[in-house]
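Trainee: My structure file query-v7.cif, mmCIF, N, CA and C atoms and all ligand atoms, is below:
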data_input
#
loop_
_atom_site.label_atom_id
_atom_site.label_comp_id
_atom_site.auth_asym_id
_atom_site.auth_seq_id
_atom_site.Cartn_x
_atom_site.Cartn_y
_atom_site.Cartn_z
N MET U 25 100.22 81.83 112.95
CA MET U 25 99.80 80.55 112.37
C MET U 25 99.54 80.72 110.88
N LYS U 26 100.54 80.37 110.07
CA LYS U 26 100.39 80.55 108.62
C LYS U 26 99.80 79.31 107.98
N VAL U 27 98.86 79.52 107.10
CA VAL U 27 98.20 78.42 106.41
C VAL U 27 98.21 78.71 104.90
N LYS U 28 98.34 77.63 104.12
CA LYS U 28 98.28 77.76 102.66
C LYS U 28 96.91 77.31 102.19
N VAL U 29 96.30 78.08 101.32
CA VAL U 29 95.06 77.65 100.70
C VAL U 29 95.28 77.57 99.19
N ARG U 30 94.61 76.62 98.58
CA ARG U 30 94.84 76.40 97.14
C ARG U 30 93.52 76.32 96.40
N ARG U 31 93.54 76.86 95.20
CA ARG U 31 92.39 76.77 94.31
C ARG U 31 92.87 76.28 92.95
N LYS U 32 92.20 75.24 92.45
CA LYS U 32 92.57 74.64 91.18
C LYS U 32 91.67 75.21 90.08
N ALA U 33 92.24 75.36 88.89
CA ALA U 33 91.45 75.82 87.75
C ALA U 33 92.05 75.22 86.50
N HIS U 34 91.35 75.32 85.39
CA HIS U 34 91.93 74.84 84.14
C HIS U 34 91.41 75.65 82.97
N PHE U 35 92.18 75.59 81.89
CA PHE U 35 91.76 76.25 80.65
C PHE U 35 92.43 75.53 79.49
N ASN U 36 91.84 75.66 78.32
CA ASN U 36 92.42 75.10 77.10
C ASN U 36 92.91 76.27 76.25
N ALA U 37 94.08 76.10 75.67
CA ALA U 37 94.59 77.18 74.83
C ALA U 37 95.56 76.61 73.80
N ALA U 38 95.69 77.34 72.70
CA ALA U 38 96.63 76.97 71.65
C ALA U 38 97.85 77.88 71.70
N HIS U 39 98.98 77.35 71.28
CA HIS U 39 100.16 78.20 71.19
C HIS U 39 101.15 77.63 70.18
N ARG U 40 102.15 78.44 69.94
CA ARG U 40 103.28 78.02 69.13
C ARG U 40 104.51 78.65 69.77
N LEU U 41 105.55 77.83 69.98
CA LEU U 41 106.79 78.36 70.51
C LEU U 41 107.76 78.62 69.36
N TYR U 42 108.17 79.84 69.22
CA TYR U 42 109.17 80.14 68.19
C TYR U 42 109.71 81.55 68.39
N ARG U 43 110.83 81.78 67.80
CA ARG U 43 111.40 83.13 67.76
C ARG U 43 111.44 83.57 66.31
N PRO U 44 110.82 84.73 66.01
CA PRO U 44 110.80 85.17 64.61
C PRO U 44 112.19 85.48 64.07
N ASP U 45 113.14 85.75 64.98
CA ASP U 45 114.50 86.07 64.52
C ASP U 45 115.34 84.81 64.29
N TRP U 46 114.78 83.63 64.49
CA TRP U 46 115.48 82.38 64.22
C TRP U 46 114.94 81.75 62.94
N THR U 47 115.77 80.94 62.30
CA THR U 47 115.30 80.20 61.13
C THR U 47 114.32 79.11 61.57
N ASP U 48 113.54 78.63 60.59
CA ASP U 48 112.60 77.54 60.88
C ASP U 48 113.33 76.33 61.46
N SER U 49 114.51 76.04 60.90
CA SER U 49 115.18 74.82 61.38
C SER U 49 115.71 75.00 62.80
N LYS U 50 116.16 76.21 63.15
CA LYS U 50 116.59 76.42 64.54
C LYS U 50 115.39 76.37 65.49
N ASN U 51 114.27 76.99 65.10
CA ASN U 51 113.06 76.90 65.93
C ASN U 51 112.66 75.45 66.13
N GLU U 52 112.71 74.69 65.06
CA GLU U 52 112.33 73.28 65.12
C GLU U 52 113.28 72.50 66.04
N SER U 53 114.59 72.82 65.95
CA SER U 53 115.52 72.04 66.77
C SER U 53 115.41 72.41 68.25
N VAL U 54 115.07 73.67 68.56
CA VAL U 54 114.95 74.06 69.98
C VAL U 54 113.57 73.72 70.54
N PHE U 55 112.52 74.02 69.78
CA PHE U 55 111.17 73.89 70.32
C PHE U 55 110.43 72.64 69.86
N GLY U 56 111.00 71.90 68.92
CA GLY U 56 110.41 70.64 68.48
C GLY U 56 108.99 70.82 67.98
N LYS U 57 108.12 69.88 68.38
CA LYS U 57 106.73 69.89 67.90
C LYS U 57 106.01 71.17 68.33
N CYS U 58 106.48 71.78 69.42
CA CYS U 58 105.82 72.99 69.91
C CYS U 58 106.03 74.19 68.99
N SER U 59 106.91 74.05 67.97
CA SER U 59 107.07 75.18 67.03
C SER U 59 106.24 74.98 65.76
N ASN U 60 105.38 73.98 65.74
CA ASN U 60 104.47 73.76 64.60
C ASN U 60 103.80 75.08 64.19
N PRO U 61 104.04 75.54 62.93
CA PRO U 61 103.47 76.84 62.51
C PRO U 61 101.94 76.86 62.54
N HIS U 62 101.32 75.68 62.58
CA HIS U 62 99.85 75.63 62.60
C HIS U 62 99.30 75.55 64.02
N TYR U 63 100.16 75.76 65.00
CA TYR U 63 99.75 75.77 66.42
C TYR U 63 99.32 74.38 66.91
N HIS U 64 99.18 74.27 68.23
CA HIS U 64 98.68 73.04 68.85
C HIS U 64 98.13 73.45 70.21
N GLY U 65 97.34 72.58 70.82
CA GLY U 65 96.68 72.96 72.06
C GLY U 65 97.16 72.18 73.26
N HIS U 66 96.88 72.74 74.43
CA HIS U 66 97.14 72.06 75.70
C HIS U 66 95.92 72.24 76.60
N ASN U 67 95.72 71.25 77.48
CA ASN U 67 94.75 71.40 78.56
C ASN U 67 95.55 71.82 79.79
N TYR U 68 95.61 73.11 80.00
CA TYR U 68 96.43 73.63 81.11
C TYR U 68 95.68 73.46 82.43
N LYS U 69 96.43 73.06 83.44
CA LYS U 69 95.86 73.03 84.80
C LYS U 69 96.65 74.01 85.64
N LEU U 70 95.95 74.68 86.49
CA LEU U 70 96.57 75.76 87.25
C LEU U 70 96.23 75.58 88.73
N MET U 71 97.23 75.79 89.57
CA MET U 71 96.98 75.80 91.01
C MET U 71 97.45 77.15 91.54
N ALA U 72 96.53 77.88 92.15
CA ALA U 72 96.90 79.14 92.80
C ALA U 72 96.97 78.87 94.29
N GLU U 73 98.11 79.19 94.88
CA GLU U 73 98.30 78.94 96.31
C GLU U 73 98.52 80.27 97.03
N VAL U 74 97.73 80.52 98.03
CA VAL U 74 97.82 81.76 98.80
C VAL U 74 98.20 81.38 100.22
N GLU U 75 99.21 82.06 100.75
CA GLU U 75 99.66 81.74 102.12
C GLU U 75 99.63 82.99 102.98
N GLY U 76 99.17 82.80 104.21
CA GLY U 76 99.18 83.92 105.15
C GLY U 76 98.56 83.52 106.47
N GLU U 77 98.47 84.52 107.34
CA GLU U 77 97.88 84.31 108.65
C GLU U 77 96.36 84.16 108.53
N ILE U 78 95.79 83.35 109.38
CA ILE U 78 94.34 83.22 109.42
C ILE U 78 93.75 84.50 110.02
N ASP U 79 92.78 85.07 109.33
CA ASP U 79 92.07 86.24 109.85
C ASP U 79 91.24 85.79 111.07
N PRO U 80 91.51 86.37 112.25
CA PRO U 80 90.81 85.88 113.44
C PRO U 80 89.31 86.10 113.39
N GLU U 81 88.89 87.07 112.61
CA GLU U 81 87.47 87.38 112.55
C GLU U 81 86.70 86.37 111.68
N THR U 82 87.27 86.05 110.49
CA THR U 82 86.56 85.15 109.57
C THR U 82 87.02 83.71 109.70
N GLY U 83 88.26 83.51 110.19
CA GLY U 83 88.83 82.17 110.18
C GLY U 83 89.41 81.79 108.82
N PHE U 84 89.41 82.72 107.87
CA PHE U 84 89.94 82.48 106.53
C PHE U 84 91.33 83.09 106.37
N VAL U 85 92.15 82.47 105.50
CA VAL U 85 93.35 83.16 104.99
C VAL U 85 92.90 84.10 103.88
N ILE U 86 92.09 83.55 102.98
CA ILE U 86 91.46 84.34 101.91
C ILE U 86 90.11 83.70 101.66
N ASP U 87 89.14 84.50 101.34
CA ASP U 87 87.81 83.99 101.01
C ASP U 87 87.89 83.22 99.69
N MET U 88 87.61 81.91 99.73
CA MET U 88 87.70 81.07 98.52
C MET U 88 86.79 81.57 97.41
N LYS U 89 85.66 82.16 97.79
CA LYS U 89 84.75 82.68 96.76
C LYS U 89 85.43 83.80 95.98
N LEU U 90 86.17 84.63 96.73
CA LEU U 90 86.90 85.72 96.09
C LEU U 90 88.01 85.17 95.19
N LEU U 91 88.75 84.19 95.71
CA LEU U 91 89.85 83.60 94.92
C LEU U 91 89.30 82.96 93.65
N LYS U 92 88.21 82.22 93.79
CA LYS U 92 87.57 81.59 92.64
C LYS U 92 87.17 82.65 91.59
N THR U 93 86.58 83.72 92.06
CA THR U 93 86.11 84.78 91.15
C THR U 93 87.26 85.48 90.45
N VAL U 94 88.33 85.82 91.18
CA VAL U 94 89.42 86.55 90.52
C VAL U 94 90.17 85.65 89.53
N ILE U 95 90.29 84.35 89.84
CA ILE U 95 90.92 83.44 88.88
C ILE U 95 90.06 83.36 87.62
N TYR U 96 88.76 83.25 87.81
CA TYR U 96 87.89 83.17 86.64
C TYR U 96 87.94 84.46 85.82
N GLU U 97 87.78 85.59 86.49
CA GLU U 97 87.68 86.86 85.76
C GLU U 97 88.98 87.28 85.10
N HIS U 98 90.10 87.05 85.78
CA HIS U 98 91.37 87.60 85.30
C HIS U 98 92.27 86.58 84.61
N VAL U 99 91.96 85.29 84.74
CA VAL U 99 92.83 84.29 84.11
C VAL U 99 92.03 83.36 83.20
N THR U 100 91.15 82.54 83.76
CA THR U 100 90.59 81.48 82.91
C THR U 100 89.66 82.03 81.83
N SER U 101 88.84 83.02 82.15
CA SER U 101 87.96 83.53 81.09
C SER U 101 88.79 84.30 80.06
N TYR U 102 89.93 84.82 80.48
CA TYR U 102 90.82 85.58 79.58
C TYR U 102 91.59 84.65 78.64
N LEU U 103 92.01 83.48 79.14
CA LEU U 103 92.88 82.60 78.35
C LEU U 103 92.15 81.42 77.69
N ASP U 104 91.00 81.04 78.24
CA ASP U 104 90.36 79.80 77.78
C ASP U 104 89.92 79.88 76.32
N HIS U 105 90.27 78.82 75.56
CA HIS U 105 89.93 78.70 74.14
C HIS U 105 90.50 79.83 73.30
N LYS U 106 91.67 80.32 73.70
CA LYS U 106 92.34 81.37 72.93
C LYS U 106 93.59 80.81 72.27
N ASN U 107 93.98 81.51 71.21
CA ASN U 107 95.30 81.31 70.64
C ASN U 107 96.21 82.31 71.35
N LEU U 108 97.09 81.81 72.18
CA LEU U 108 97.87 82.70 73.06
C LEU U 108 98.72 83.67 72.25
N ASN U 109 99.37 83.17 71.18
CA ASN U 109 100.24 84.03 70.38
C ASN U 109 99.46 85.17 69.73
N GLU U 110 98.28 84.85 69.22
CA GLU U 110 97.57 85.81 68.38
C GLU U 110 96.54 86.64 69.11
N GLN U 111 96.04 86.13 70.26
CA GLN U 111 94.91 86.82 70.87
C GLN U 111 95.19 87.42 72.24
N ILE U 112 96.33 87.09 72.81
CA ILE U 112 96.60 87.56 74.17
C ILE U 112 97.74 88.58 74.12
N ASP U 113 97.43 89.81 74.52
CA ASP U 113 98.40 90.92 74.40
C ASP U 113 99.75 90.61 75.01
N GLU U 114 99.75 89.97 76.18
CA GLU U 114 101.03 89.72 76.87
C GLU U 114 101.98 88.88 76.03
N PHE U 115 101.44 88.09 75.08
CA PHE U 115 102.30 87.21 74.28
C PHE U 115 102.56 87.74 72.88
N SER U 116 102.19 89.00 72.64
CA SER U 116 102.44 89.51 71.28
C SER U 116 103.94 89.57 71.00
N ASN U 117 104.75 89.78 72.06
CA ASN U 117 106.20 89.75 71.87
C ASN U 117 106.89 88.86 72.91
N LEU U 118 106.17 87.84 73.38
CA LEU U 118 106.71 86.98 74.43
C LEU U 118 106.34 85.54 74.08
N ASN U 119 107.34 84.68 74.04
CA ASN U 119 107.10 83.29 73.68
C ASN U 119 106.20 82.64 74.74
N PRO U 120 105.06 82.04 74.36
CA PRO U 120 104.14 81.51 75.36
C PRO U 120 104.54 80.14 75.91
N THR U 121 105.73 80.07 76.47
CA THR U 121 106.17 78.86 77.17
C THR U 121 105.38 78.73 78.47
N ALA U 122 105.39 77.55 79.05
CA ALA U 122 104.71 77.36 80.35
C ALA U 122 105.27 78.35 81.38
N GLU U 123 106.60 78.58 81.33
CA GLU U 123 107.23 79.51 82.27
C GLU U 123 106.61 80.91 82.14
N HIS U 124 106.53 81.39 80.88
CA HIS U 124 105.98 82.73 80.67
C HIS U 124 104.49 82.80 80.99
N ILE U 125 103.76 81.73 80.69
CA ILE U 125 102.33 81.73 80.99
C ILE U 125 102.13 81.83 82.51
N ALA U 126 102.95 81.10 83.27
CA ALA U 126 102.84 81.16 84.74
C ALA U 126 103.12 82.59 85.25
N VAL U 127 104.10 83.25 84.66
CA VAL U 127 104.43 84.62 85.08
C VAL U 127 103.28 85.57 84.73
N VAL U 128 102.71 85.42 83.54
CA VAL U 128 101.58 86.26 83.13
C VAL U 128 100.39 86.05 84.08
N ILE U 129 100.12 84.80 84.42
CA ILE U 129 99.01 84.51 85.33
C ILE U 129 99.26 85.14 86.70
N TRP U 130 100.47 84.99 87.20
CA TRP U 130 100.80 85.57 88.51
C TRP U 130 100.62 87.09 88.46
N ASN U 131 101.12 87.72 87.40
CA ASN U 131 101.01 89.19 87.29
C ASN U 131 99.55 89.64 87.23
N ARG U 132 98.70 88.84 86.63
CA ARG U 132 97.29 89.22 86.52
C ARG U 132 96.55 89.03 87.85
N LEU U 133 96.97 88.03 88.64
CA LEU U 133 96.27 87.76 89.91
C LEU U 133 96.79 88.59 91.08
N ARG U 134 98.07 88.88 91.06
CA ARG U 134 98.71 89.52 92.23
C ARG U 134 97.98 90.77 92.72
N PRO U 135 97.53 91.67 91.80
CA PRO U 135 96.85 92.88 92.30
C PRO U 135 95.54 92.59 93.02
N HIS U 136 95.00 91.38 92.86
CA HIS U 136 93.70 91.07 93.44
C HIS U 136 93.80 90.23 94.71
N VAL U 137 95.03 90.00 95.16
CA VAL U 137 95.26 89.27 96.41
C VAL U 137 95.88 90.26 97.39
N ALA U 138 95.36 90.30 98.61
CA ALA U 138 95.82 91.29 99.59
C ALA U 138 97.34 91.23 99.77
N ASP U 139 97.93 92.41 99.99
CA ASP U 139 99.40 92.54 100.06
C ASP U 139 100.05 91.65 101.12
N HIS U 140 99.36 91.41 102.23
CA HIS U 140 99.99 90.63 103.30
C HIS U 140 99.99 89.12 103.01
N LEU U 141 99.40 88.71 101.89
CA LEU U 141 99.36 87.29 101.53
C LEU U 141 100.35 87.03 100.40
N THR U 142 100.97 85.84 100.40
CA THR U 142 101.86 85.48 99.29
C THR U 142 101.06 84.65 98.27
N LEU U 143 101.51 84.73 97.03
CA LEU U 143 100.82 84.03 95.95
C LEU U 143 101.82 83.19 95.18
N LYS U 144 101.48 81.94 94.96
CA LYS U 144 102.32 81.06 94.13
C LYS U 144 101.43 80.42 93.06
N ILE U 145 101.94 80.41 91.84
CA ILE U 145 101.21 79.79 90.73
C ILE U 145 101.96 78.54 90.28
N THR U 146 101.26 77.42 90.21
CA THR U 146 101.82 76.21 89.58
C THR U 146 100.99 75.95 88.34
N LEU U 147 101.67 75.84 87.20
CA LEU U 147 100.98 75.61 85.94
C LEU U 147 101.43 74.28 85.37
N TYR U 148 100.46 73.41 85.11
CA TYR U 148 100.73 72.11 84.47
C TYR U 148 100.39 72.22 83.00
N GLU U 149 101.40 72.05 82.15
CA GLU U 149 101.14 72.06 80.71
C GLU U 149 100.72 70.66 80.25
N THR U 150 101.29 69.65 80.88
CA THR U 150 100.89 68.26 80.66
C THR U 150 100.86 67.60 82.03
N GLU U 151 100.45 66.36 82.08
CA GLU U 151 100.45 65.63 83.35
C GLU U 151 101.84 65.60 83.97
N ARG U 152 102.85 65.55 83.11
CA ARG U 152 104.21 65.37 83.61
C ARG U 152 105.01 66.65 83.75
N ASN U 153 104.59 67.70 83.05
CA ASN U 153 105.40 68.92 83.04
C ASN U 153 104.68 70.07 83.75
N SER U 154 105.34 70.63 84.75
CA SER U 154 104.76 71.78 85.43
C SER U 154 105.83 72.79 85.77
N VAL U 155 105.40 74.03 85.96
CA VAL U 155 106.30 75.11 86.35
C VAL U 155 105.66 75.87 87.50
N GLU U 156 106.49 76.59 88.23
CA GLU U 156 106.02 77.28 89.43
C GLU U 156 106.59 78.69 89.44
N TYR U 157 105.78 79.68 89.82
CA TYR U 157 106.28 81.05 89.92
C TYR U 157 105.65 81.73 91.13
N SER U 158 106.50 82.40 91.93
CA SER U 158 106.03 83.07 93.14
C SER U 158 106.34 84.56 93.14
N GLY U 159 106.73 85.08 92.01
CA GLY U 159 106.93 86.53 91.94
C GLY U 159 108.36 86.99 91.97
N SER U 160 109.32 86.07 92.02
CA SER U 160 110.72 86.51 92.00
C SER U 160 111.59 85.45 91.35
NI NI U 201 103.06 73.23 73.47
#
Rewrite the structure from the file as structure tokens, please.
Ligand code: NI
Mentor:
Amino acid sequence: MKVKVRRKAHFNAAHRLYRPDWTDSKNESVFGKCSNPHYHGHNYKLMAEVEGEIDPETGFVIDMKLLKTVIYEHVTSYLDHKNLNEQIDEFSNLNPTAEHIAVVIWNRLRPHVADHLTLKITLYETERNSVEYSGS
């Protein structure tokens, strides 16, 4: 009996999308307003979904308190109110697109979720735009 459990979280962060090996005009034409050299912010919303068998002893797939704590310790406290390009190591050479942010979040959470459970990250950059990553 497989069940999915979900925990929602959010953080605010600034970023700029650009490639240093491209001209300003090419960055502008590909990334638009998101390549503003003075950065801009988003209110990111995150959904972490864990799927697996219910533990017969606890009745849980995963302890929500644990999930809440690992999301806070390894993702939201790490990213909240940061400039992703300048302050987050993973983005020192990686464009902080929603796609890449979702992958970074998944990589940070995966070691803290038991191996027999699957993990999926959905990241909303805006109300209308979201991306999903499950590790492959
Ligand atoms: Ni943006």
Trainee: Go through U:Asp104, U:Glu97, U:Glu110, U:Glu149 one by one, measure the shortest atom-to-atom distance of each to His136 in chain U using only C-alpha atoms, and give the residue with the smallest value.
Mentor: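 Counting only C-alpha atoms, the residue closest to His136 in chain U is U:Glu97.
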Trainee: Ranking U:Ala122, U:Leu147, U:Ile112, U:Leu103 by minimum distance to ligand NI 201 (chain U) and counting all atoms listed in the file, which one comes first?
Mentor: U:Ala122
Trainee: Atom N of Val127 in chain U to CA of Asp79 in chain U: how many Å, to one decimal?
Mentor: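 The value is 28.1 Å.
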Trainee: Taking (106.2, 76.4, 61.9) in the file's coordinates, which residues come within 8 Å, counting only C-alpha atoms, written as a list of chain:residue names?
Mentor: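 Those residues, ordered by chain and then number, are U:Arg40, U:Tyr42, U:Asp48, U:Asn51, U:Glu52, U:Ser59, U:Asn60, U:Pro61, U:His62, U:Tyr63.
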Trainee: Name the residues, by chain letter and number, that sit within 7 Å of ligand NI 201 (chain U) using only N, CA and C atoms and all ligand atoms, and give them as a list in words.
Mentor: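 Sorted by chain and then by number, the residues are His39, Arg40, Leu41, Lys57, Cys58, Ser59, His64, Gly65 and His66 of chain U.
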Trainee: Output N, CA and C atoms for every residue in the selection just made, as a PDB file, in the coordinates of the input.
Mentor:
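Just written: selection36.pdb:
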ATOM      1  N   HIS U  39      98.980  77.350  71.280  1.00  0.00           N
ATOM      2  CA  HIS U  39     100.160  78.200  71.190  1.00  0.00           C
ATOM      3  C   HIS U  39     101.150  77.630  70.180  1.00  0.00           C
ATOM      4  N   ARG U  40     102.150  78.440  69.940  1.00  0.00           N
ATOM      5  CA  ARG U  40     103.280  78.020  69.130  1.00  0.00           C
ATOM      6  C   ARG U  40     104.510  78.650  69.770  1.00  0.00           C
ATOM      7  N   LEU U  41     105.550  77.830  69.980  1.00  0.00           N
ATOM      8  CA  LEU U  41     106.790  78.360  70.510  1.00  0.00           C
ATOM      9  C   LEU U  41     107.760  78.620  69.360  1.00  0.00           C
ATOM     10  N   LYS U  57     108.120  69.880  68.380  1.00  0.00           N
ATOM     11  CA  LYS U  57     106.730  69.890  67.900  1.00  0.00           C
ATOM     12  C   LYS U  57     106.010  71.170  68.330  1.00  0.00           C
ATOM     13  N   CYS U  58     106.480  71.780  69.420  1.00  0.00           N
ATOM     14  CA  CYS U  58     105.820  72.990  69.910  1.00  0.00           C
ATOM     15  C   CYS U  58     106.030  74.190  68.990  1.00  0.00           C
ATOM     16  N   SER U  59     106.910  74.050  67.970  1.00  0.00           N
ATOM     17  CA  SER U  59     107.070  75.180  67.030  1.00  0.00           C
ATOM     18  C   SER U  59     106.240  74.980  65.760  1.00  0.00           C
ATOM     19  N   HIS U  64      99.180  74.270  68.230  1.00  0.00           N
ATOM     20  CA  HIS U  64      98.680  73.040  68.850  1.00  0.00           C
ATOM     21  C   HIS U  64      98.130  73.450  70.210  1.00  0.00           C
ATOM     22  N   GLY U  65      97.340  72.580  70.820  1.00  0.00           N
ATOM     23  CA  GLY U  65      96.680  72.960  72.060  1.00  0.00           C
ATOM     24  C   GLY U  65      97.160  72.180  73.260  1.00  0.00           C
ATOM     25  N   HIS U  66      96.880  72.740  74.430  1.00  0.00           N
ATOM     26  CA  HIS U  66      97.140  72.060  75.700  1.00  0.00           C
ATOM     27  C   HIS U  66      95.920  72.240  76.600  1.00  0.00           C
TER      28      HIS U  66
END
Trainee: Taking into account only N, CA and C atoms, which residue in the set U:Pro44, U:Ala126, U:Ser101, U:Glu73 is nearest to Val29 in chain U?
Mentor: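 The closest residue to Val29 in chain U is U:Glu73.
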Trainee: As lines of an AutoDock Vina configuration file, please report the centre and edge lengths, rounded to one decimal in Å, of the axis-aligned box that holds all listed atoms of range 31-50 of chain U with 6 Å of padding on each of the six sides.
Mentor:
center_x = 104.0
center_y = 80.4
center_z = 77.9
size_x = 37.2
size_y = 23.4
size_z = 46.6
Trainee: Can you pull out every residue from range 59-155 of chain U that DSSP, working from the backbone, puts in helix (DSSP H, G or I), and format the result as JSON, numbers by chain?
Mentor: {"U": [59, 88, 89, 90, 91, 92, 93, 94, 95, 96, 97, 98, 99, 100, 101, 102, 103, 108, 109, 110, 111, 113, 114, 115, 122, 123, 124, 125, 126, 127, 128, 129, 130, 131, 132, 133, 134, 135, 136]}
Trainee: Go through U:Ala38, U:Met88, U:Glu156, U:Asp45 one by one, measure the shortest atom-to-atom distance of each to Phe115 in chain U using only C-alpha atoms, and give the residue with the smallest value.
Mentor: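 So, comparing all the options, the nearest one is U:Ala38.
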Trainee: Just save range 60-82 of chain U with N, CA and C atoms, as a PDB file, in the first residue's frame.
Mentor:
ATOM      1  N   ASN U  60      18.507  40.735 -15.725  1.00  0.00           N
ATOM      2  CA  ASN U  60      18.806  42.044 -15.120  1.00  0.00           C
ATOM      3  C   ASN U  60      20.078  41.968 -14.265  1.00  0.00           C
ATOM      4  N   PRO U  61      21.131  42.741 -14.633  1.00  0.00           N
ATOM      5  CA  PRO U  61      22.402  42.651 -13.884  1.00  0.00           C
ATOM      6  C   PRO U  61      22.259  43.038 -12.411  1.00  0.00           C
ATOM      7  N   HIS U  62      21.170  43.726 -12.070  1.00  0.00           N
ATOM      8  CA  HIS U  62      20.972  44.134 -10.670  1.00  0.00           C
ATOM      9  C   HIS U  62      20.128  43.131  -9.888  1.00  0.00           C
ATOM     10  N   TYR U  63      19.891  41.971 -10.477  1.00  0.00           N
ATOM     11  CA  TYR U  63      19.146  40.887  -9.807  1.00  0.00           C
ATOM     12  C   TYR U  63      17.666  41.239  -9.618  1.00  0.00           C
ATOM     13  N   HIS U  64      16.892  40.224  -9.252  1.00  0.00           N
ATOM     14  CA  HIS U  64      15.475  40.406  -8.922  1.00  0.00           C
ATOM     15  C   HIS U  64      15.086  39.223  -8.048  1.00  0.00           C
ATOM     16  N   GLY U  65      13.955  39.338  -7.375  1.00  0.00           N
ATOM     17  CA  GLY U  65      13.587  38.302  -6.418  1.00  0.00           C
ATOM     18  C   GLY U  65      12.357  37.516  -6.813  1.00  0.00           C
ATOM     19  N   HIS U  66      12.224  36.349  -6.205  1.00  0.00           N
ATOM     20  CA  HIS U  66      11.023  35.529  -6.354  1.00  0.00           C
ATOM     21  C   HIS U  66      10.601  35.025  -4.982  1.00  0.00           C
ATOM     22  N   ASN U  67       9.293  34.801  -4.841  1.00  0.00           N
ATOM     23  CA  ASN U  67       8.772  34.092  -3.672  1.00  0.00           C
ATOM     24  C   ASN U  67       8.590  32.641  -4.103  1.00  0.00           C
ATOM     25  N   TYR U  68       9.595  31.844  -3.838  1.00  0.00           N
ATOM     26  CA  TYR U  68       9.556  30.448  -4.292  1.00  0.00           C
ATOM     27  C   TYR U  68       8.671  29.624  -3.359  1.00  0.00           C
ATOM     28  N   LYS U  69       7.888  28.748  -3.975  1.00  0.00           N
ATOM     29  CA  LYS U  69       7.123  27.783  -3.175  1.00  0.00           C
ATOM     30  C   LYS U  69       7.615  26.400  -3.558  1.00  0.00           C
ATOM     31  N   LEU U  70       7.687  25.565  -2.577  1.00  0.00           N
ATOM     32  CA  LEU U  70       8.294  24.253  -2.779  1.00  0.00           C
ATOM     33  C   LEU U  70       7.359  23.186  -2.217  1.00  0.00           C
ATOM     34  N   MET U  71       7.207  22.102  -2.957  1.00  0.00           N
ATOM     35  CA  MET U  71       6.463  20.957  -2.442  1.00  0.00           C
ATOM     36  C   MET U  71       7.400  19.757  -2.489  1.00  0.00           C
ATOM     37  N   ALA U  72       7.624  19.156  -1.336  1.00  0.00           N
ATOM     38  CA  ALA U  72       8.412  17.925  -1.283  1.00  0.00           C
ATOM     39  C   ALA U  72       7.435  16.769  -1.124  1.00  0.00           C
ATOM     40  N   GLU U  73       7.524  15.813  -2.033  1.00  0.00           N
ATOM     41  CA  GLU U  73       6.603  14.672  -1.993  1.00  0.00           C
ATOM     42  C   GLU U  73       7.402  13.389  -1.777  1.00  0.00           C
ATOM     43  N   VAL U  74       7.025  12.655  -0.770  1.00  0.00           N
ATOM     44  CA  VAL U  74       7.710  11.399  -0.437  1.00  0.00           C
ATOM     45  C   VAL U  74       6.707  10.278  -0.611  1.00  0.00           C
ATOM     46  N   GLU U  75       7.115   9.236  -1.325  1.00  0.00           N
ATOM     47  CA  GLU U  75       6.197   8.114  -1.561  1.00  0.00           C
ATOM     48  C   GLU U  75       6.824   6.815  -1.097  1.00  0.00           C
ATOM     49  N   GLY U  76       5.996   5.993  -0.456  1.00  0.00           N
ATOM     50  CA  GLY U  76       6.482   4.685  -0.040  1.00  0.00           C
ATOM     51  C   GLY U  76       5.410   3.925   0.715  1.00  0.00           C
ATOM     52  N   GLU U  77       5.821   2.756   1.195  1.00  0.00           N
ATOM     53  CA  GLU U  77       4.917   1.912   1.964  1.00  0.00           C
ATOM     54  C   GLU U  77       4.702   2.512   3.359  1.00  0.00           C
ATOM     55  N   ILE U  78       3.523   2.325   3.881  1.00  0.00           N
ATOM     56  CA  ILE U  78       3.251   2.749   5.254  1.00  0.00           C
ATOM     57  C   ILE U  78       3.987   1.814   6.211  1.00  0.00           C
ATOM     58  N   ASP U  79       4.725   2.396   7.134  1.00  0.00           N
ATOM     59  CA  ASP U  79       5.401   1.613   8.172  1.00  0.00           C
ATOM     60  C   ASP U  79       4.320   1.028   9.095  1.00  0.00           C
ATOM     61  N   PRO U  80       4.245  -0.310   9.196  1.00  0.00           N
ATOM     62  CA  PRO U  80       3.149  -0.893   9.984  1.00  0.00           C
ATOM     63  C   PRO U  80       3.224  -0.532  11.459  1.00  0.00           C
ATOM     64  N   GLU U  81       4.414  -0.217  11.923  1.00  0.00           N
ATOM     65  CA  GLU U  81       4.566   0.086  13.335  1.00  0.00           C
ATOM     66  C   GLU U  81       4.065   1.497  13.681  1.00  0.00           C
ATOM     67  N   THR U  82       4.451   2.484  12.840  1.00  0.00           N
ATOM     68  CA  THR U  82       4.073   3.878  13.146  1.00  0.00           C
ATOM     69  C   THR U  82       2.818   4.313  12.408  1.00  0.00           C
TER      70      THR U  82
END
